[in-house]
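Visitor: Next up, entry-v1.pdb (PDB, C-alpha atoms, pLDDT in the B column).
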```pdb
ATOM      1  CA  MET J   1     -36.267 -13.631   3.840  1.00 48.00           C
ATOM      2  CA  THR J   2     -32.889 -11.891   4.050  1.00 68.00           C
ATOM      3  CA  PRO J   3     -31.317  -9.774   1.293  1.00 90.00           C
ATOM      4  CA  ILE J   4     -28.363 -12.212   1.178  1.00 94.00           C
ATOM      5  CA  ASP J   5     -28.968 -15.863   1.964  1.00 95.00           C
ATOM      6  CA  ILE J   6     -25.616 -17.495   2.709  1.00 97.00           C
ATOM      7  CA  THR J   7     -25.144 -21.236   2.941  1.00 97.00           C
ATOM      8  CA  TYR J   8     -22.038 -22.263   4.836  1.00 98.00           C
ATOM      9  CA  ASN J   9     -19.907 -25.360   4.463  1.00 97.00           C
ATOM     10  CA  ASP J  10     -17.272 -25.261   7.184  1.00 97.00           C
ATOM     11  CA  GLU J  11     -14.713 -28.023   6.701  1.00 97.00           C
ATOM     12  CA  VAL J  12     -12.228 -26.492   9.180  1.00 97.00           C
ATOM     13  CA  GLY J  13     -14.395 -25.414  12.147  1.00 95.00           C
ATOM     14  CA  PHE J  14     -13.936 -21.712  11.418  1.00 95.00           C
ATOM     15  CA  LEU J  15     -17.480 -20.707  12.396  1.00 95.00           C
ATOM     16  CA  LYS J  16     -17.139 -22.355  15.825  1.00 92.00           C
ATOM     17  CA  ASP J  17     -14.955 -19.469  17.084  1.00 80.00           C
ATOM     18  CA  SER J  18     -16.628 -18.432  20.330  1.00 79.00           C
ATOM     19  CA  ASN J  19     -15.021 -14.959  20.263  1.00 85.00           C
ATOM     20  CA  GLU J  20     -16.961 -13.759  17.201  1.00 90.00           C
ATOM     21  CA  ASN J  21     -20.320 -14.408  15.559  1.00 94.00           C
ATOM     22  CA  TRP J  22     -18.788 -14.804  12.108  1.00 95.00           C
ATOM     23  CA  GLU J  23     -22.093 -15.421  10.324  1.00 96.00           C
ATOM     24  CA  ASP J  24     -23.431 -12.072  11.540  1.00 95.00           C
ATOM     25  CA  TRP J  25     -20.105 -10.318  10.840  1.00 96.00           C
ATOM     26  CA  ILE J  26     -19.992 -11.720   7.293  1.00 97.00           C
ATOM     27  CA  SER J  27     -23.631 -10.884   6.604  1.00 97.00           C
ATOM     28  CA  LYS J  28     -23.248  -7.257   7.711  1.00 97.00           C
ATOM     29  CA  LEU J  29     -20.101  -6.747   5.628  1.00 98.00           C
ATOM     30  CA  LEU J  30     -21.621  -8.312   2.515  1.00 98.00           C
ATOM     31  CA  LEU J  31     -24.804  -6.252   2.901  1.00 97.00           C
ATOM     32  CA  LEU J  32     -22.636  -3.127   2.771  1.00 97.00           C
ATOM     33  CA  ALA J  33     -20.926  -4.437  -0.372  1.00 97.00           C
ATOM     34  CA  LYS J  34     -24.294  -5.308  -1.932  1.00 97.00           C
ATOM     35  CA  LYS J  35     -25.553  -1.793  -1.266  1.00 96.00           C
ATOM     36  CA  GLU J  36     -22.354  -0.217  -2.635  1.00 96.00           C
ATOM     37  CA  ILE J  37     -22.657  -2.020  -5.973  1.00 96.00           C
ATOM     38  CA  GLY J  38     -26.364  -1.203  -6.238  1.00 93.00           C
ATOM     39  CA  LYS J  39     -27.705  -4.763  -6.215  1.00 91.00           C
ATOM     40  CA  ASN J  40     -31.454  -4.611  -5.578  1.00 86.00           C
ATOM     41  CA  THR J  41     -32.316  -8.295  -5.910  1.00 88.00           C
ATOM     42  CA  ASN J  42     -32.155 -10.766  -3.055  1.00 92.00           C
ATOM     43  CA  LEU J  43     -28.990 -12.826  -3.357  1.00 95.00           C
ATOM     44  CA  GLU J  44     -27.942 -16.310  -2.431  1.00 96.00           C
ATOM     45  CA  MET J  45     -24.446 -17.679  -2.296  1.00 97.00           C
ATOM     46  CA  SER J  46     -22.339 -20.234  -0.499  1.00 98.00           C
ATOM     47  CA  ILE J  47     -19.167 -19.788   1.483  1.00 98.00           C
ATOM     48  CA  ASN J  48     -16.982 -22.831   1.963  1.00 98.00           C
ATOM     49  CA  PHE J  49     -14.201 -22.730   4.540  1.00 98.00           C
ATOM     50  CA  VAL J  50     -11.479 -25.171   3.503  1.00 98.00           C
ATOM     51  CA  ASP J  51      -7.983 -26.192   4.547  1.00 98.00           C
ATOM     52  CA  GLU J  52      -4.833 -25.513   2.538  1.00 98.00           C
ATOM     53  CA  GLU J  53      -4.792 -28.936   0.900  1.00 98.00           C
ATOM     54  CA  ARG J  54      -8.326 -28.472  -0.473  1.00 98.00           C
ATOM     55  CA  SER J  55      -7.591 -24.870  -1.454  1.00 98.00           C
ATOM     56  CA  GLN J  56      -4.506 -25.972  -3.367  1.00 98.00           C
ATOM     57  CA  GLU J  57      -6.448 -28.777  -5.066  1.00 98.00           C
ATOM     58  CA  ILE J  58      -9.165 -26.358  -6.263  1.00 97.00           C
ATOM     59  CA  ASN J  59      -6.645 -23.691  -7.261  1.00 97.00           C
ATOM     60  CA  LYS J  60      -4.636 -26.208  -9.302  1.00 97.00           C
ATOM     61  CA  LYS J  61      -7.675 -27.770 -10.981  1.00 96.00           C
ATOM     62  CA  TYR J  62      -9.491 -24.565 -11.915  1.00 94.00           C
ATOM     63  CA  ARG J  63      -6.774 -21.918 -12.110  1.00 94.00           C
ATOM     64  CA  GLY J  64      -3.687 -23.962 -12.974  1.00 96.00           C
ATOM     65  CA  LYS J  65      -1.841 -22.675  -9.888  1.00 96.00           C
ATOM     66  CA  ASP J  66      -0.340 -25.361  -7.669  1.00 97.00           C
ATOM     67  CA  ARG J  67      -0.532 -23.577  -4.333  1.00 97.00           C
ATOM     68  CA  PRO J  68      -3.169 -22.824  -1.709  1.00 97.00           C
ATOM     69  CA  THR J  69      -4.862 -19.435  -1.954  1.00 97.00           C
ATOM     70  CA  ASP J  70      -6.996 -17.240   0.280  1.00 97.00           C
ATOM     71  CA  VAL J  71     -10.193 -17.216  -1.818  1.00 98.00           C
ATOM     72  CA  ILE J  72     -11.475 -18.724  -5.040  1.00 97.00           C
ATOM     73  CA  SER J  73     -14.766 -17.547  -6.502  1.00 97.00           C
ATOM     74  CA  PHE J  74     -17.074 -19.440  -8.808  1.00 97.00           C
ATOM     75  CA  ALA J  75     -19.657 -17.044 -10.231  1.00 94.00           C
ATOM     76  CA  ILE J  76     -22.920 -18.429 -11.613  1.00 88.00           C
ATOM     77  CA  GLU J  77     -23.221 -15.678 -14.220  1.00 70.00           C
ATOM     78  CA  ASP J  78     -19.838 -14.722 -15.607  1.00 53.00           C
ATOM     79  CA  GLY J  79     -20.693 -11.912 -18.009  1.00 50.00           C
ATOM     80  CA  GLY J  80     -22.970 -14.221 -19.998  1.00 50.00           C
ATOM     81  CA  ASP J  81     -26.304 -13.355 -21.517  1.00 52.00           C
ATOM     82  CA  ASN J  82     -26.785  -9.893 -19.904  1.00 53.00           C
ATOM     83  CA  LEU J  83     -30.169 -10.815 -18.411  1.00 55.00           C
ATOM     84  CA  ASP J  84     -31.472  -7.821 -16.469  1.00 55.00           C
ATOM     85  CA  LEU J  85     -32.375  -9.342 -13.104  1.00 55.00           C
ATOM     86  CA  ALA J  86     -33.681  -5.992 -11.850  1.00 55.00           C
ATOM     87  CA  ILE J  87     -37.063  -6.979 -13.292  1.00 55.00           C
ATOM     88  CA  PHE J  88     -37.313  -9.439 -10.397  1.00 57.00           C
ATOM     89  CA  SER J  89     -36.459  -6.883  -7.673  1.00 54.00           C
ATOM     90  CA  ASP J  90     -40.123  -6.498  -6.673  1.00 61.00           C
ATOM     91  CA  ASP J  91     -40.614 -10.248  -6.268  1.00 63.00           C
ATOM     92  CA  PRO J  92     -39.798 -11.052  -2.614  1.00 64.00           C
ATOM     93  CA  GLU J  93     -39.443 -14.750  -3.458  1.00 71.00           C
ATOM     94  CA  PHE J  94     -36.824 -14.271  -6.193  1.00 77.00           C
ATOM     95  CA  ARG J  95     -33.207 -14.959  -5.255  1.00 87.00           C
ATOM     96  CA  GLU J  96     -30.266 -14.412  -7.560  1.00 92.00           C
ATOM     97  CA  ASP J  97     -27.723 -17.178  -7.019  1.00 94.00           C
ATOM     98  CA  ILE J  98     -24.384 -15.452  -7.494  1.00 96.00           C
ATOM     99  CA  GLY J  99     -22.160 -18.468  -6.828  1.00 97.00           C
ATOM    100  CA  ASP J 100     -19.686 -19.935  -4.388  1.00 98.00           C
ATOM    101  CA  LEU J 101     -16.634 -18.782  -2.476  1.00 98.00           C
ATOM    102  CA  PHE J 102     -13.956 -21.142  -1.212  1.00 98.00           C
ATOM    103  CA  MET J 103     -12.011 -19.435   1.564  1.00 98.00           C
ATOM    104  CA  CYS J 104      -8.952 -20.758   3.355  1.00 98.00           C
ATOM    105  CA  PRO J 105      -8.666 -19.208   6.846  1.00 98.00           C
ATOM    106  CA  SER J 106      -5.089 -20.380   7.381  1.00 97.00           C
ATOM    107  CA  VAL J 107      -3.889 -18.631   4.197  1.00 98.00           C
ATOM    108  CA  ILE J 108      -5.837 -15.503   5.163  1.00 97.00           C
ATOM    109  CA  LYS J 109      -4.183 -15.594   8.601  1.00 97.00           C
ATOM    110  CA  ARG J 110      -0.743 -15.941   7.014  1.00 97.00           C
ATOM    111  CA  HIS J 111      -1.490 -12.991   4.704  1.00 95.00           C
ATOM    112  CA  SER J 112      -2.642 -10.891   7.669  1.00 94.00           C
ATOM    113  CA  GLU J 113       0.743 -11.488   9.293  1.00 95.00           C
ATOM    114  CA  GLU J 114       2.784 -11.025   6.093  1.00 94.00           C
ATOM    115  CA  TYR J 115       1.038  -7.763   5.172  1.00 90.00           C
ATOM    116  CA  GLY J 116       0.662  -6.511   8.752  1.00 90.00           C
ATOM    117  CA  THR J 117      -3.053  -5.885   8.253  1.00 90.00           C
ATOM    118  CA  GLY J 118      -4.478  -7.877  11.154  1.00 92.00           C
ATOM    119  CA  TRP J 119      -6.935 -10.753  10.943  1.00 94.00           C
ATOM    120  CA  ASN J 120     -10.251  -8.864  10.710  1.00 95.00           C
ATOM    121  CA  ARG J 121      -9.080  -6.477   8.001  1.00 95.00           C
ATOM    122  CA  GLU J 122      -7.492  -9.238   5.927  1.00 95.00           C
ATOM    123  CA  PHE J 123     -10.524 -11.499   6.312  1.00 97.00           C
ATOM    124  CA  GLY J 124     -12.842  -8.623   5.356  1.00 97.00           C
ATOM    125  CA  TYR J 125     -10.632  -7.722   2.386  1.00 96.00           C
ATOM    126  CA  THR J 126     -10.686 -11.309   1.144  1.00 97.00           C
ATOM    127  CA  LEU J 127     -14.426 -11.728   1.680  1.00 98.00           C
ATOM    128  CA  VAL J 128     -15.392  -8.508  -0.139  1.00 98.00           C
ATOM    129  CA  HIS J 129     -12.895  -9.284  -2.900  1.00 97.00           C
ATOM    130  CA  GLY J 130     -14.499 -12.671  -3.528  1.00 98.00           C
ATOM    131  CA  PHE J 131     -18.015 -11.207  -3.312  1.00 98.00           C
ATOM    132  CA  LEU J 132     -17.172  -8.597  -5.939  1.00 97.00           C
ATOM    133  CA  HIS J 133     -15.841 -11.316  -8.244  1.00 97.00           C
ATOM    134  CA  LEU J 134     -19.135 -13.188  -7.822  1.00 97.00           C
ATOM    135  CA  ASN J 135     -20.888 -10.022  -8.958  1.00 96.00           C
ATOM    136  CA  GLY J 136     -18.878  -9.644 -12.154  1.00 94.00           C
ATOM    137  CA  PHE J 137     -16.040  -7.367 -11.021  1.00 95.00           C
ATOM    138  CA  ASP J 138     -12.469  -8.091 -12.036  1.00 93.00           C
ATOM    139  CA  HIS J 139      -9.015  -6.499 -11.803  1.00 92.00           C
ATOM    140  CA  ILE J 140      -7.169  -7.686 -14.899  1.00 91.00           C
ATOM    141  CA  ASP J 141      -7.601  -4.411 -16.809  1.00 91.00           C
ATOM    142  CA  PRO J 142      -6.223  -1.352 -14.908  1.00 92.00           C
ATOM    143  CA  ALA J 143      -9.497   0.602 -15.237  1.00 92.00           C
ATOM    144  CA  GLU J 144     -11.495  -2.369 -13.915  1.00 93.00           C
ATOM    145  CA  ALA J 145      -8.979  -2.813 -11.107  1.00 92.00           C
ATOM    146  CA  LYS J 146      -9.345   0.831 -10.091  1.00 92.00           C
ATOM    147  CA  GLU J 147     -13.132   0.446  -9.963  1.00 94.00           C
ATOM    148  CA  MET J 148     -13.083  -2.876  -8.098  1.00 95.00           C
ATOM    149  CA  PHE J 149     -10.490  -1.871  -5.521  1.00 92.00           C
ATOM    150  CA  GLY J 150     -12.196   1.501  -5.068  1.00 92.00           C
ATOM    151  CA  ILE J 151     -15.471  -0.222  -4.173  1.00 95.00           C
ATOM    152  CA  GLN J 152     -13.643  -2.703  -1.967  1.00 93.00           C
ATOM    153  CA  GLY J 153     -11.839   0.098  -0.119  1.00 92.00           C
ATOM    154  CA  LYS J 154     -15.030   2.088   0.436  1.00 94.00           C
ATOM    155  CA  VAL J 155     -16.902  -0.941   1.809  1.00 96.00           C
ATOM    156  CA  LEU J 156     -14.067  -1.859   4.167  1.00 95.00           C
ATOM    157  CA  GLU J 157     -13.683   1.712   5.375  1.00 94.00           C
ATOM    158  CA  THR J 158     -17.421   1.972   6.062  1.00 95.00           C
ATOM    159  CA  TYR J 159     -17.225  -1.280   8.047  1.00 96.00           C
ATOM    160  CA  GLY J 160     -14.288   0.054  10.077  1.00 93.00           C
ATOM    161  CA  LEU J 161     -11.558  -1.890   8.267  1.00 92.00           C
ATOM    162  CA  PRO J 162      -9.752   0.808   6.255  1.00 81.00           C
ATOM    163  CA  LEU J 163      -7.111   0.044   3.644  1.00 73.00           C
ATOM    164  CA  TYR J 164      -3.804   1.814   3.271  1.00 67.00           C
ATOM    165  CA  PRO J 165      -4.007   4.728   0.793  1.00 63.00           C
ATOM    166  CA  ASP J 166      -2.003   2.830  -1.850  1.00 57.00           C
ATOM    167  CA  GLN J 167      -4.411  -0.106  -1.675  1.00 55.00           C
ATOM    168  CA  LEU J 168      -7.483   1.813  -2.746  1.00 52.00           C
ATOM    169  CA  ASP J 169      -6.961   1.261  -6.462  1.00 50.00           C
ATOM    170  CA  GLU J 170      -3.917  -0.989  -6.565  1.00 54.00           C
ATOM    171  CA  GLY J 171      -5.132  -3.964  -4.567  1.00 56.00           C
ATOM    172  CA  ARG J 172      -3.164  -5.157  -1.587  1.00 50.00           C
ATOM    173  CA  GLY J 173      -0.457  -2.493  -1.884  1.00 45.00           C
ATOM    174  CA  LYS J 174       2.061  -3.124   0.858  1.00 37.00           C
TER     175      LYS J 174
END
```
Once you've parsed the file, please lay out its structure as structure tokens.

Guide:
Amino acid sequence: MTPIDITYNDEVGFLKDSNENWEDWISKLLLLAKKEIGKNTNLEMSINFVDEERSQEINKKYRGKDRPTDVISFAIEDGGDNLDLAIFSDDPEFREDIGDLFMCPSVIKRHSEEYGTGWNREFGYTLVHGFLHLNGFDHIDPAEAKEMFGIQGKVLETYGLPLYPDQLDEGRGK
């Protein structure tokens, strides 16, 4: 059993890229993020790779924004009943289902070009960002944003995908 069990739904053939083992890459990056936020339970989640039409459809339906986006997260627990799942950390069979990410590689690629970050850094940024949302982090309030983007920056730096200094607590920055 792995500390993060990821189910993939790849509607756009993203994982078929022969230049990179994306499942391994994703798993390693998310394990760093899991460690950074102090999650001790085994996790399960899904990552869905979708095209811009599907991304726009989901974004419009659930967020009221009629445009495609890089990532949309659907957390299972969204600040609800404050159940302390740490009591299950010794049970090797227990898995905390944190939810689903819908990622649009073509929007991420466009962002990597617009922001001059490069594909790997922008993909990693988007992936960690969505993962943190699934784990209850948000960036609406400035103090929460500083915490979330600080964690995100540290994880990316550790993985070899550093942010610009002004992105560490402000989000994308440039």

Visitor: Using only C-alpha atoms, pick whichever of J:Glu114, J:Asp17, J:Glu11, J:Asp97 has the shortest atom-to-atom distance to J:Asn42.

Guide: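 Using only C-alpha atoms, the shortest distance to J:Asn42 belongs to J:Asp97.
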
Visitor: Mind pulling up the distance from atom CA of J:Phe131 to atom CA of J:Lys154?

Guide: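 Separation of atom CA of J:Lys154 and atom CA of J:Phe131: 14.1 Å.
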
Visitor: Would you mind telling me which residue in J:Ser55, J:Gln152, J:Asn135, J:Asn40 lies nearest to J:Arg121 when using all atoms listed in the file?

Guide: J:Gln152

Visitor: Check the smallest atom-to-atom distance from each of J:Asn9, J:Ser18, J:Thr41, J:Ser73 to J:Leu132 using all atoms listed in the file, then report the winner.

Guide: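 Looking only at the distances to J:Leu132, the closest residue turns out to be J:Ser73.
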
Visitor: Excluding J:Glu44 and residues on its chain fewer than 4 positions from it, collect all residues at most 12 Å away from it, counting all atoms listed in the file, and give them as a list in words.

Guide: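 Selected residues are Met1, Thr2, Pro3, Ile4, Asp5, Ile6, Thr7, Tyr8, Ser27, Leu30, Leu31, Lys34, Ala75, Ile76, Glu93, Phe94, Arg95, Glu96, Asp97, Ile98, Gly99, Asp100, Leu101, Phe131, Leu134 and Asn135 of chain J.
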
Visitor: Compare J:Leu163, J:Lys16, J:Glu36, J:Phe102 by their minimum atom-to-atom distance to J:Ile58, counting all atoms listed in the file, and give me the closest one.

Guide: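 Once distances to J:Ile58 are computed over all atoms listed in the file, the minimum belongs to J:Phe102.
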
Visitor: Need the axis-aligned box for stretch 149-157 of chain J with 4 Å each side, so what are the centre and edges in Å to one decimal, as AutoDock Vina command-line options?

Guide:
```
--center_x -13.7 --center_y -0.3 --center_z -0.1 --size_x 14.4 --size_y 12.8 --size_z 18.9
```

Visitor: Quick one: residues within 10 Å of J:Thr158, only C-alpha atoms, excluding same-chain residues fewer than 4 positions away - as a list in words?

Guide: Leu29, Leu32, Ala33, Gly153, Lys154 and Pro162 of chain J

Visitor: Do you have the atom CA of J:Val12-atom CA of J:Arg67 distance handy?

Guide: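 Straight-line distance from atom CA of J:Val12 to atom CA of J:Arg67 works out to 18.1 Å.
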
Visitor: Expanded to explicit residues, what is the PyMOL selection byres ((chain J and resi 59) around 12) for this file, as a PyMOL selection string?

Guide: chain J and resi 50+52-58+60-74+102-104

Visitor: Between atom CA of J:Gly136 and atom CA of J:Met45, what is the spacing in Å?

Guide: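 The value is 13.9 Å.
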
Visitor: Considering only C-alpha atoms, can you say which of J:Glu20, J:Lys39, J:Ile151, J:Phe49 comes closest to J:Ile108?

Guide: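 Counting only C-alpha atoms, the residue closest to J:Ile108 is J:Phe49.
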
Visitor: Could you pull the residues within 9 Å of J:Lys109, counting all atoms listed in the file, minus those fewer than 6 positions along the same chain, as a list in words?

Guide: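 Skipping anything fewer than 6 positions along the chain leaves Asp70, Gly118, Trp119, Glu122 and Phe123 of chain J.
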